[in-house]
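So this block is entry_21.pdb, PDB, C-alpha atoms and all ligand atoms:
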ATOM      1  CA  MET A   1      66.044 -14.525  -6.074  1.00  0.00           C
ATOM      2  CA  LYS A   2      62.396 -14.466  -5.022  1.00  0.00           C
ATOM      3  CA  LYS A   3      60.105 -13.043  -7.709  1.00  0.00           C
ATOM      4  CA  GLY A   4      57.834 -10.101  -6.971  1.00  0.00           C
ATOM      5  CA  LYS A   5      54.046 -10.325  -6.913  1.00  0.00           C
ATOM      6  CA  LEU A   6      51.719  -8.780  -9.471  1.00  0.00           C
ATOM      7  CA  PHE A   7      48.765  -6.783  -8.095  1.00  0.00           C
ATOM      8  CA  VAL A   8      46.015  -5.515 -10.374  1.00  0.00           C
ATOM      9  CA  ILE A   9      43.794  -2.666  -9.210  1.00  0.00           C
ATOM     10  CA  SER A  10      40.579  -1.931 -11.095  1.00  0.00           C
ATOM     11  CA  GLY A  11      37.435  -0.035 -10.395  1.00  0.00           C
ATOM     12  CA  PRO A  12      35.171   2.517 -12.017  1.00  0.00           C
ATOM     13  CA  SER A  13      36.578   5.694 -13.452  1.00  0.00           C
ATOM     14  CA  ALA A  14      36.800   8.461 -10.776  1.00  0.00           C
ATOM     15  CA  VAL A  15      36.532   5.986  -7.887  1.00  0.00           C
ATOM     16  CA  GLY A  16      39.911   7.296  -6.703  1.00  0.00           C
ATOM     17  CA  LYS A  17      42.206   4.443  -7.791  1.00  0.00           C
ATOM     18  CA  GLY A  18      44.989   6.782  -8.867  1.00  0.00           C
ATOM     19  CA  THR A  19      45.088   8.632  -5.538  1.00  0.00           C
ATOM     20  CA  LEU A  20      44.934   5.354  -3.619  1.00  0.00           C
ATOM     21  CA  CYS A  21      47.830   3.867  -5.587  1.00  0.00           C
ATOM     22  CA  LYS A  22      49.947   6.992  -5.128  1.00  0.00           C
ATOM     23  CA  ARG A  23      49.283   7.003  -1.369  1.00  0.00           C
ATOM     24  CA  LEU A  24      50.061   3.337  -1.147  1.00  0.00           C
ATOM     25  CA  LEU A  25      53.401   3.770  -2.911  1.00  0.00           C
ATOM     26  CA  SER A  26      54.462   6.828  -0.963  1.00  0.00           C
ATOM     27  CA  GLY A  27      53.632   5.438   2.492  1.00  0.00           C
ATOM     28  CA  SER A  28      55.268   2.692   4.494  1.00  0.00           C
ATOM     29  CA  GLY A  29      54.574  -0.644   2.833  1.00  0.00           C
ATOM     30  CA  GLY A  30      55.084   0.986  -0.574  1.00  0.00           C
ATOM     31  CA  ALA A  31      58.748   0.009  -0.434  1.00  0.00           C
ATOM     32  CA  GLY A  32      59.627  -2.595  -3.030  1.00  0.00           C
ATOM     33  CA  MET A  33      56.461  -1.813  -5.005  1.00  0.00           C
ATOM     34  CA  GLU A  34      56.500  -0.319  -8.494  1.00  0.00           C
ATOM     35  CA  LEU A  35      53.591   1.264 -10.355  1.00  0.00           C
ATOM     36  CA  SER A  36      53.431   0.365 -14.037  1.00  0.00           C
ATOM     37  CA  VAL A  37      53.034   3.313 -16.444  1.00  0.00           C
ATOM     38  CA  SER A  38      50.518   2.479 -19.178  1.00  0.00           C
ATOM     39  CA  MET A  39      50.543   3.551 -22.794  1.00  0.00           C
ATOM     40  CA  THR A  40      47.461   5.289 -24.171  1.00  0.00           C
ATOM     41  CA  THR A  41      46.136   6.979 -27.301  1.00  0.00           C
ATOM     42  CA  ARG A  42      44.039   9.324 -25.093  1.00  0.00           C
ATOM     43  CA  LYS A  43      45.041  12.977 -25.098  1.00  0.00           C
ATOM     44  CA  PRO A  44      46.665  14.221 -21.870  1.00  0.00           C
ATOM     45  CA  ARG A  45      44.421  16.008 -19.348  1.00  0.00           C
ATOM     46  CA  PRO A  46      45.709  19.241 -17.831  1.00  0.00           C
ATOM     47  CA  GLY A  47      48.566  18.464 -15.464  1.00  0.00           C
ATOM     48  CA  GLU A  48      49.266  14.979 -16.828  1.00  0.00           C
ATOM     49  CA  LYS A  49      52.899  14.365 -17.770  1.00  0.00           C
ATOM     50  CA  ASP A  50      54.141  12.074 -20.536  1.00  0.00           C
ATOM     51  CA  GLY A  51      56.070   9.146 -19.080  1.00  0.00           C
ATOM     52  CA  LYS A  52      54.627   9.727 -15.617  1.00  0.00           C
ATOM     53  CA  SER A  53      50.821   9.562 -15.838  1.00  0.00           C
ATOM     54  CA  TYR A  54      50.929   7.624 -19.109  1.00  0.00           C
ATOM     55  CA  TYR A  55      53.044   7.295 -22.222  1.00  0.00           C
ATOM     56  CA  PHE A  56      50.869   9.298 -24.613  1.00  0.00           C
ATOM     57  CA  VAL A  57      51.209   7.834 -28.108  1.00  0.00           C
ATOM     58  CA  THR A  58      49.493   7.938 -31.504  1.00  0.00           C
ATOM     59  CA  GLU A  59      47.257   5.128 -32.666  1.00  0.00           C
ATOM     60  CA  GLY A  60      49.998   4.068 -35.105  1.00  0.00           C
ATOM     61  CA  GLU A  61      52.569   3.798 -32.314  1.00  0.00           C
ATOM     62  CA  PHE A  62      50.107   1.826 -30.204  1.00  0.00           C
ATOM     63  CA  ARG A  63      49.376  -0.606 -33.065  1.00  0.00           C
ATOM     64  CA  SER A  64      53.069  -1.106 -33.719  1.00  0.00           C
ATOM     65  CA  GLN A  65      53.535  -2.023 -30.033  1.00  0.00           C
ATOM     66  CA  ILE A  66      50.702  -4.580 -30.363  1.00  0.00           C
ATOM     67  CA  GLY A  67      52.419  -6.001 -33.460  1.00  0.00           C
ATOM     68  CA  LYS A  68      55.657  -6.445 -31.533  1.00  0.00           C
ATOM     69  CA  GLY A  69      53.838  -8.324 -28.752  1.00  0.00           C
ATOM     70  CA  GLY A  70      54.909  -5.544 -26.414  1.00  0.00           C
ATOM     71  CA  PHE A  71      51.829  -5.502 -24.182  1.00  0.00           C
ATOM     72  CA  LEU A  72      51.039  -7.612 -21.148  1.00  0.00           C
ATOM     73  CA  GLU A  73      47.423  -6.669 -21.853  1.00  0.00           C
ATOM     74  CA  TYR A  74      45.591  -3.941 -23.741  1.00  0.00           C
ATOM     75  CA  ALA A  75      42.017  -2.818 -24.199  1.00  0.00           C
ATOM     76  CA  GLU A  76      39.845  -0.116 -25.687  1.00  0.00           C
ATOM     77  CA  VAL A  77      38.295   2.091 -23.013  1.00  0.00           C
ATOM     78  CA  PHE A  78      35.951   4.999 -23.858  1.00  0.00           C
ATOM     79  CA  GLY A  79      37.127   4.966 -27.492  1.00  0.00           C
ATOM     80  CA  CYS A  80      40.861   5.133 -26.686  1.00  0.00           C
ATOM     81  CA  MET A  81      43.459   2.378 -26.448  1.00  0.00           C
ATOM     82  CA  TYR A  82      45.248   1.593 -23.182  1.00  0.00           C
ATOM     83  CA  GLY A  83      47.946  -1.012 -22.620  1.00  0.00           C
ATOM     84  CA  THR A  84      50.524  -2.214 -20.090  1.00  0.00           C
ATOM     85  CA  PRO A  85      54.056  -2.366 -21.537  1.00  0.00           C
ATOM     86  CA  LYS A  86      55.229  -5.918 -20.881  1.00  0.00           C
ATOM     87  CA  GLU A  87      58.998  -5.644 -20.550  1.00  0.00           C
ATOM     88  CA  PRO A  88      59.244  -3.243 -17.564  1.00  0.00           C
ATOM     89  CA  VAL A  89      56.710  -5.285 -15.573  1.00  0.00           C
ATOM     90  CA  LEU A  90      58.487  -8.595 -16.134  1.00  0.00           C
ATOM     91  CA  ALA A  91      61.859  -7.008 -15.347  1.00  0.00           C
ATOM     92  CA  ALA A  92      60.547  -5.564 -12.072  1.00  0.00           C
ATOM     93  CA  LEU A  93      59.041  -8.912 -11.022  1.00  0.00           C
ATOM     94  CA  ASP A  94      62.354 -10.623 -11.827  1.00  0.00           C
ATOM     95  CA  ARG A  95      64.152  -8.078  -9.632  1.00  0.00           C
ATOM     96  CA  GLY A  96      61.894  -9.127  -6.783  1.00  0.00           C
ATOM     97  CA  SER A  97      59.768  -5.959  -6.802  1.00  0.00           C
ATOM     98  CA  ASN A  98      56.020  -6.175  -6.422  1.00  0.00           C
ATOM     99  CA  VAL A  99      54.213  -4.453  -9.307  1.00  0.00           C
ATOM    100  CA  LEU A 100      50.939  -2.561  -9.240  1.00  0.00           C
ATOM    101  CA  LEU A 101      48.820  -2.240 -12.399  1.00  0.00           C
ATOM    102  CA  GLU A 102      45.948   0.226 -12.378  1.00  0.00           C
ATOM    103  CA  ILE A 103      43.884  -0.983 -15.324  1.00  0.00           C
ATOM    104  CA  ASP A 104      40.310  -1.625 -16.411  1.00  0.00           C
ATOM    105  CA  VAL A 105      38.355  -4.859 -15.977  1.00  0.00           C
ATOM    106  CA  GLN A 106      39.006  -6.180 -19.525  1.00  0.00           C
ATOM    107  CA  GLY A 107      42.746  -5.778 -18.978  1.00  0.00           C
ATOM    108  CA  ALA A 108      42.595  -7.313 -15.501  1.00  0.00           C
ATOM    109  CA  LEU A 109      40.918 -10.435 -16.855  1.00  0.00           C
ATOM    110  CA  GLN A 110      43.617 -10.757 -19.553  1.00  0.00           C
ATOM    111  CA  VAL A 111      46.312 -10.503 -16.869  1.00  0.00           C
ATOM    112  CA  ARG A 112      44.549 -13.137 -14.783  1.00  0.00           C
ATOM    113  CA  GLY A 113      44.488 -15.433 -17.849  1.00  0.00           C
ATOM    114  CA  ASN A 114      48.228 -15.030 -18.493  1.00  0.00           C
ATOM    115  CA  TYR A 115      49.401 -14.780 -14.874  1.00  0.00           C
ATOM    116  CA  PRO A 116      47.054 -16.876 -12.743  1.00  0.00           C
ATOM    117  CA  GLU A 117      49.076 -16.037  -9.618  1.00  0.00           C
ATOM    118  CA  SER A 118      48.259 -12.298  -9.991  1.00  0.00           C
ATOM    119  CA  GLN A 119      46.077 -10.762  -7.272  1.00  0.00           C
ATOM    120  CA  LEU A 120      43.030  -8.824  -8.511  1.00  0.00           C
ATOM    121  CA  VAL A 121      41.687  -6.014  -6.325  1.00  0.00           C
ATOM    122  CA  PHE A 122      38.454  -4.146  -7.084  1.00  0.00           C
ATOM    123  CA  ILE A 123      37.984  -0.633  -5.693  1.00  0.00           C
ATOM    124  CA  LEU A 124      34.321   0.180  -5.074  1.00  0.00           C
ATOM    125  CA  PRO A 125      32.681   3.567  -4.551  1.00  0.00           C
ATOM    126  CA  PRO A 126      30.506   3.866  -1.429  1.00  0.00           C
ATOM    127  CA  SER A 127      27.505   4.204  -3.808  1.00  0.00           C
ATOM    128  CA  LEU A 128      26.699   5.081  -7.430  1.00  0.00           C
ATOM    129  CA  ALA A 129      25.391   8.481  -6.318  1.00  0.00           C
ATOM    130  CA  GLU A 130      28.776   9.240  -4.764  1.00  0.00           C
ATOM    131  CA  LEU A 131      30.569   8.054  -7.909  1.00  0.00           C
ATOM    132  CA  ARG A 132      28.410  10.390 -10.032  1.00  0.00           C
ATOM    133  CA  ARG A 133      29.367  13.242  -7.723  1.00  0.00           C
ATOM    134  CA  ARG A 134      33.080  12.408  -8.042  1.00  0.00           C
ATOM    135  CA  ILE A 135      32.950  12.211 -11.864  1.00  0.00           C
ATOM    136  CA  ARG A 136      31.139  15.570 -12.064  1.00  0.00           C
ATOM    137  CA  HIS A 137      33.515  17.132  -9.580  1.00  0.00           C
ATOM    138  CA  ARG A 138      36.443  16.274 -11.859  1.00  0.00           C
ATOM    139  CA  GLY A 139      34.808  18.631 -14.362  1.00  0.00           C
ATOM    140  CA  SER A 140      36.572  17.283 -17.457  1.00  0.00           C
ATOM    141  CA  GLU A 141      33.598  15.275 -18.726  1.00  0.00           C
ATOM    142  CA  THR A 142      30.482  16.314 -20.658  1.00  0.00           C
ATOM    143  CA  GLN A 143      27.086  15.167 -19.374  1.00  0.00           C
ATOM    144  CA  GLU A 144      27.065  12.386 -21.947  1.00  0.00           C
ATOM    145  CA  GLN A 145      30.530  11.218 -20.897  1.00  0.00           C
ATOM    146  CA  VAL A 146      29.427  11.185 -17.232  1.00  0.00           C
ATOM    147  CA  ALA A 147      26.485   8.949 -18.171  1.00  0.00           C
ATOM    148  CA  ARG A 148      28.772   6.627 -20.170  1.00  0.00           C
ATOM    149  CA  ARG A 149      31.217   6.346 -17.284  1.00  0.00           C
ATOM    150  CA  LEU A 150      28.394   5.484 -14.854  1.00  0.00           C
ATOM    151  CA  ASP A 151      27.024   2.805 -17.214  1.00  0.00           C
ATOM    152  CA  LYS A 152      30.496   1.358 -17.538  1.00  0.00           C
ATOM    153  CA  ALA A 153      30.881   1.391 -13.742  1.00  0.00           C
ATOM    154  CA  VAL A 154      27.790  -0.800 -13.339  1.00  0.00           C
ATOM    155  CA  SER A 155      28.978  -3.248 -16.007  1.00  0.00           C
ATOM    156  CA  GLU A 156      32.443  -3.387 -14.422  1.00  0.00           C
ATOM    157  CA  ILE A 157      31.047  -4.044 -10.953  1.00  0.00           C
ATOM    158  CA  ALA A 158      28.989  -6.873 -12.504  1.00  0.00           C
ATOM    159  CA  VAL A 159      32.205  -8.917 -12.945  1.00  0.00           C
ATOM    160  CA  ILE A 160      33.480  -8.348  -9.403  1.00  0.00           C
ATOM    161  CA  SER A 161      33.195 -12.100  -8.728  1.00  0.00           C
ATOM    162  CA  GLU A 162      36.350 -12.561 -10.869  1.00  0.00           C
ATOM    163  CA  TYR A 163      38.321 -10.507  -8.338  1.00  0.00           C
ATOM    164  CA  ASP A 164      40.181 -11.741  -5.267  1.00  0.00           C
ATOM    165  CA  TYR A 165      39.572  -8.701  -3.055  1.00  0.00           C
ATOM    166  CA  ALA A 166      37.132  -5.774  -2.782  1.00  0.00           C
ATOM    167  CA  VAL A 167      37.999  -2.478  -1.077  1.00  0.00           C
ATOM    168  CA  VAL A 168      35.464   0.352  -0.627  1.00  0.00           C
ATOM    169  CA  ASN A 169      37.009   3.783  -1.145  1.00  0.00           C
ATOM    170  CA  ASN A 170      35.014   5.639   1.462  1.00  0.00           C
ATOM    171  CA  SER A 171      37.789   7.190   3.491  1.00  0.00           C
ATOM    172  CA  LEU A 172      41.175   7.416   1.767  1.00  0.00           C
ATOM    173  CA  THR A 173      43.102   6.501   4.927  1.00  0.00           C
ATOM    174  CA  HIS A 174      40.958   3.451   5.542  1.00  0.00           C
ATOM    175  CA  ALA A 175      41.071   2.286   1.922  1.00  0.00           C
ATOM    176  CA  VAL A 176      44.892   2.628   1.811  1.00  0.00           C
ATOM    177  CA  ALA A 177      45.157   0.609   5.035  1.00  0.00           C
ATOM    178  CA  GLU A 178      42.986  -2.111   3.471  1.00  0.00           C
ATOM    179  CA  LEU A 179      45.123  -2.166   0.319  1.00  0.00           C
ATOM    180  CA  ARG A 180      48.175  -2.599   2.500  1.00  0.00           C
ATOM    181  CA  GLU A 181      46.485  -5.595   4.134  1.00  0.00           C
ATOM    182  CA  VAL A 182      45.893  -7.069   0.664  1.00  0.00           C
ATOM    183  CA  ILE A 183      49.560  -6.658  -0.273  1.00  0.00           C
ATOM    184  CA  GLU A 184      50.713  -8.164   2.981  1.00  0.00           C
ATOM    185  CA  GLY A 185      48.277 -11.071   2.546  1.00  0.00           C
ATOM    186  CA  ARG A 186      46.248 -10.111   5.637  1.00  0.00           C
ATOM    187  CA  HIS A 187      42.966  -9.074   3.953  1.00  0.00           C
ATOM    188  CA  ASP A 188      39.936 -11.379   3.714  1.00  0.00           C
ATOM    189  CA  ARG A 189      39.351 -12.699   0.221  1.00  0.00           C
ATOM    190  CA  LEU A 190      36.120 -11.816  -1.557  1.00  0.00           C
ATOM    191  CA  GLU A 191      33.570 -14.607  -1.110  1.00  0.00           C
ATOM    192  CA  ALA A 192      31.261 -15.565  -3.993  1.00  0.00           C
ATOM    193  CA  ALA A 193      28.095 -14.669  -2.036  1.00  0.00           C
ATOM    194  CA  GLU A 194      29.500 -11.264  -1.073  1.00  0.00           C
ATOM    195  CA  ALA A 195      30.484 -10.562  -4.709  1.00  0.00           C
ATOM    196  CA  ALA A 196      26.981 -11.472  -5.884  1.00  0.00           C
ATOM    197  CA  ASP A 197      25.448  -9.134  -3.258  1.00  0.00           C
ATOM    198  CA  ILE A 198      27.662  -6.227  -4.324  1.00  0.00           C
ATOM    199  CA  ALA A 199      26.860  -6.683  -8.048  1.00  0.00           C
ATOM    200  CA  LYS A 200      23.132  -6.851  -7.248  1.00  0.00           C
ATOM    201  CA  ARG A 201      23.197  -3.764  -5.027  1.00  0.00           C
ATOM    202  CA  PHE A 202      24.905  -1.566  -7.667  1.00  0.00           C
ATOM    203  CA  ALA A 203      22.772  -2.898 -10.538  1.00  0.00           C
ATOM    204  CA  GLY A 204      19.643  -1.905  -8.610  1.00  0.00           C
ATOM    205  CA  GLU A 205      20.835   1.568  -7.590  1.00  0.00           C
TER     206      GLU A 205
HETATM  207  P1  LIG A 301      41.597   7.462 -17.630  1.00  0.00           P
HETATM  208  O1  LIG A 301      41.430   7.856 -19.064  1.00  0.00           O
HETATM  209  O2  LIG A 301      40.500   8.014 -16.759  1.00  0.00           O
HETATM  210  O3  LIG A 301      42.979   7.752 -17.109  1.00  0.00           O
HETATM  211  O4  LIG A 301      41.447   5.873 -17.563  1.00  0.00           O
HETATM  212  C1  LIG A 301      40.307   5.253 -18.080  1.00  0.00           C
HETATM  213  C2  LIG A 301      40.331   3.786 -17.726  1.00  0.00           C
HETATM  214  O5  LIG A 301      41.424   3.119 -18.371  1.00  0.00           O
HETATM  215  C3  LIG A 301      40.507   3.503 -16.237  1.00  0.00           C
HETATM  216  O6  LIG A 301      39.552   2.519 -15.859  1.00  0.00           O
HETATM  217  C4  LIG A 301      41.910   2.953 -16.135  1.00  0.00           C
HETATM  218  O7  LIG A 301      42.061   2.041 -15.056  1.00  0.00           O
HETATM  219  C5  LIG A 301      42.027   2.238 -17.460  1.00  0.00           C
HETATM  220  N1  LIG A 301      43.425   2.005 -17.829  1.00  0.00           N
HETATM  221  C6  LIG A 301      44.504   2.790 -17.607  1.00  0.00           C
HETATM  222  N2  LIG A 301      45.608   2.203 -18.080  1.00  0.00           N
HETATM  223  C7  LIG A 301      45.240   1.013 -18.591  1.00  0.00           C
HETATM  224  C8  LIG A 301      45.963  -0.078 -19.208  1.00  0.00           C
HETATM  225  O8  LIG A 301      47.168  -0.076 -19.376  1.00  0.00           O
HETATM  226  N3  LIG A 301      45.210  -1.138 -19.601  1.00  0.00           N
HETATM  227  C9  LIG A 301      43.860  -1.207 -19.433  1.00  0.00           C
HETATM  228  N4  LIG A 301      43.239  -2.313 -19.837  1.00  0.00           N
HETATM  229  N5  LIG A 301      43.164  -0.210 -18.849  1.00  0.00           N
HETATM  230  C10 LIG A 301      43.848   0.881 -18.436  1.00  0.00           C
END
Mind turning the file's structure into structure tokens?
Amino acid sequence: MKKGKLFVISGPSAVGKGTLCKRLLSGSGGAGMELSVSMTTRKPRPGEKDGKSYYFVTEGEFRSQIGKGGFLEYAEVFGCMYGTPKEPVLAALDRGSNVLLEIDVQGALQVRGNYPESQLVFILPPSLAELRRRIRHRGSETQEQVARRLDKAVSEIAVISEYDYAVVNNSLTHAVAELREVIEGRHDRLEAAEAADIAKRFAGE
């Protein structure tokens, strides 16, 4: 049986990755694609459900999972631990399903190291000003947290050259269509010069 493909989606916090992934999975083209549910030590936000948004665990449970070699990748993000449970992803790929991971840049680079055939997609905001607006709009962050998330966004965008594709989340419909092109192998790959331009533009904003 043909194995599934592993797609990794990263991008700054509040860029809209979650909404994009959900849209992608619910629309046509989402068939045969599974979204991995990560484990985290972060506390749930209002409306988030255990086992659906994340598996919410204690630090002890997370560490025990690391000890068992149970993660495909894991990283510390904003003071909390996040990791991709390995077994369900490998099982889905073996079944021939494509798998989507929505994880941060550190995790994406680990996946690339272990699974060189994985496809890395970076979701960009139209601008940093727009990203700031989206983080504030979410309303769950203090001013200091907003500033930290923006700083992290710039440092994440700085490694965009490691990614295979870049998609700007300007209009949701357009961004979903582009993601579909990536999955179907119809999207242009990110060129080195283009990646360098993007990193420079955001660093100077
Ligand atoms: P949030 O707390 O806003 O849900 O997520 C914060 C960051 O953690 C986001 O950039 C998200 O992509 C990343 N993240 C979520 N799950 C994982 C994971 O399993 N591994 C890694 N490395 N990052 C993750």
Self-check item: Proximity to A:Lys22 - best of A:Lys52, A:Lys2, A:Arg132, A:Arg45, all atoms listed in the file
Solution: A:Lys52
Quiz item: Separation of atom CA of A:Met81 and atom CA of A:Pro125, in Å?
Solution: 24.4 Å
Quiz prompt | Explicit residue set for the PyMOL selection byres (((not hetatm)) within 8 of (chain A and resi 301)), as an MDAnalysis selection string | solution = chainID A and resid 9:14 17 37:40 42 54 73:78 81:85 101:108
Self-check item: Within 9 Å of A:Leu93 using all atoms listed in the file, minus same-chain residues under 5 positions, as a PyMOL selection string
Solution: chain A and resi 2-6+88+98-99
Quiz item: From the set A:Thr41, A:Val111, A:Lys152, A:Ala166, which residue has the shortest atom-to-atom contact distance to A:Phe71, counting only C-alpha atoms?
Solution: A:Val111
Exercise. Measuring atom to atom with only C-alpha atoms, identify which of A:Ile160, A:Leu179, A:Ala199, A:Val167 is nearest to A:Arg23.
Key: A:Leu179
Box dimensions and centre (Å, one decimal) enclosing stretch 138-148 of chain A, axis-aligned, 3 Å extra per side, as AutoDock Vina command-line options:
--center_x 31.5 --center_y 12.6 --center_z -16.9 --size_x 16.1 --size_y 18.0 --size_z 16.1
Quiz item: Taking the file as shown, what set of residues would the PyMOL selection byres (((chain A and resi 165) around 7) and not hetatm) give back, as a ChimeraX atom specification?
Solution: /A:120-122,163-164,166-167,189-190
For C-alpha atoms, I'd like the residues from the last selection saved as a PDB file, in the coordinates of the input.
ATOM      1  CA  LEU A 120      43.030  -8.824  -8.511  1.00  0.00           C
ATOM      2  CA  VAL A 121      41.687  -6.014  -6.325  1.00  0.00           C
ATOM      3  CA  PHE A 122      38.454  -4.146  -7.084  1.00  0.00           C
ATOM      4  CA  TYR A 163      38.321 -10.507  -8.338  1.00  0.00           C
ATOM      5  CA  ASP A 164      40.181 -11.741  -5.267  1.00  0.00           C
ATOM      6  CA  ALA A 166      37.132  -5.774  -2.782  1.00  0.00           C
ATOM      7  CA  VAL A 167      37.999  -2.478  -1.077  1.00  0.00           C
ATOM      8  CA  ARG A 189      39.351 -12.699   0.221  1.00  0.00           C
ATOM      9  CA  LEU A 190      36.120 -11.816  -1.557  1.00  0.00           C
TER      10      LEU A 190
END
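Taking atom CA of A:Val146 and atom CA of A:Leu20 as endpoints, the distance between them is 21.4 Å.
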Exercise. Go through A:Arg186, A:Leu128, A:Gly67, A:Ser53 one by one, measure the shortest atom-to-atom distance of each to A:Gly204 using all atoms listed in the file, and give the residue with the smallest value.
Key: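 Among A:Arg186, A:Leu128, A:Gly67, A:Ser53, it is A:Leu128 that comes nearest to A:Gly204.
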Practice problem: Any chance you could resolve the PyMOL selection byres (((chain A and resi 202) around 9) and not hetatm) against this file and give the residues as a list in words? | Solution: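 When the PyMOL selection byres (((chain A and resi 202) around 9) and not hetatm) is applied to the shown file, the picked residues are Ser127, Leu128, Val154, Ile157, Ala158, Asp197, Ile198, Ala199, Lys200, Arg201, Ala203, Gly204 and Glu205 of chain A.
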Take the selection from the previous step and output its residues with C-alpha atoms, as a short mmCIF file (atom, residue, chain, number, x, y, z; two decimals), in the coordinates of the input.
data_model
loop_
_atom_site.label_atom_id
_atom_site.label_comp_id
_atom_site.auth_asym_id
_atom_site.auth_seq_id
_atom_site.Cartn_x
_atom_site.Cartn_y
_atom_site.Cartn_z
CA SER A 127 27.50 4.20 -3.81
CA LEU A 128 26.70 5.08 -7.43
CA VAL A 154 27.79 -0.80 -13.34
CA ILE A 157 31.05 -4.04 -10.95
CA ALA A 158 28.99 -6.87 -12.50
CA ASP A 197 25.45 -9.13 -3.26
CA ILE A 198 27.66 -6.23 -4.32
CA ALA A 199 26.86 -6.68 -8.05
CA LYS A 200 23.13 -6.85 -7.25
CA ARG A 201 23.20 -3.76 -5.03
CA ALA A 203 22.77 -2.90 -10.54
CA GLY A 204 19.64 -1.90 -8.61
CA GLU A 205 20.84 1.57 -7.59
#
Quiz item: In terms of the shortest atom-to-atom distance over all atoms listed in the file, which of A:Ala175, A:Glu59, A:Glu191, A:Gln145 is closest to A:Ile123?
Solution: A:Ala175
Exercise. May I ask which of the residues A:Gln119, A:Ser171, A:Gln143, A:Ser97 is the closest one to A:Glu34, counting all atoms listed in the file?
Key: A:Ser97
Self-check item: Distance of atom CA of A:Asn170 from atom CA of A:Leu100, expressed in Å to one decimal place
Solution: 20.9 Å
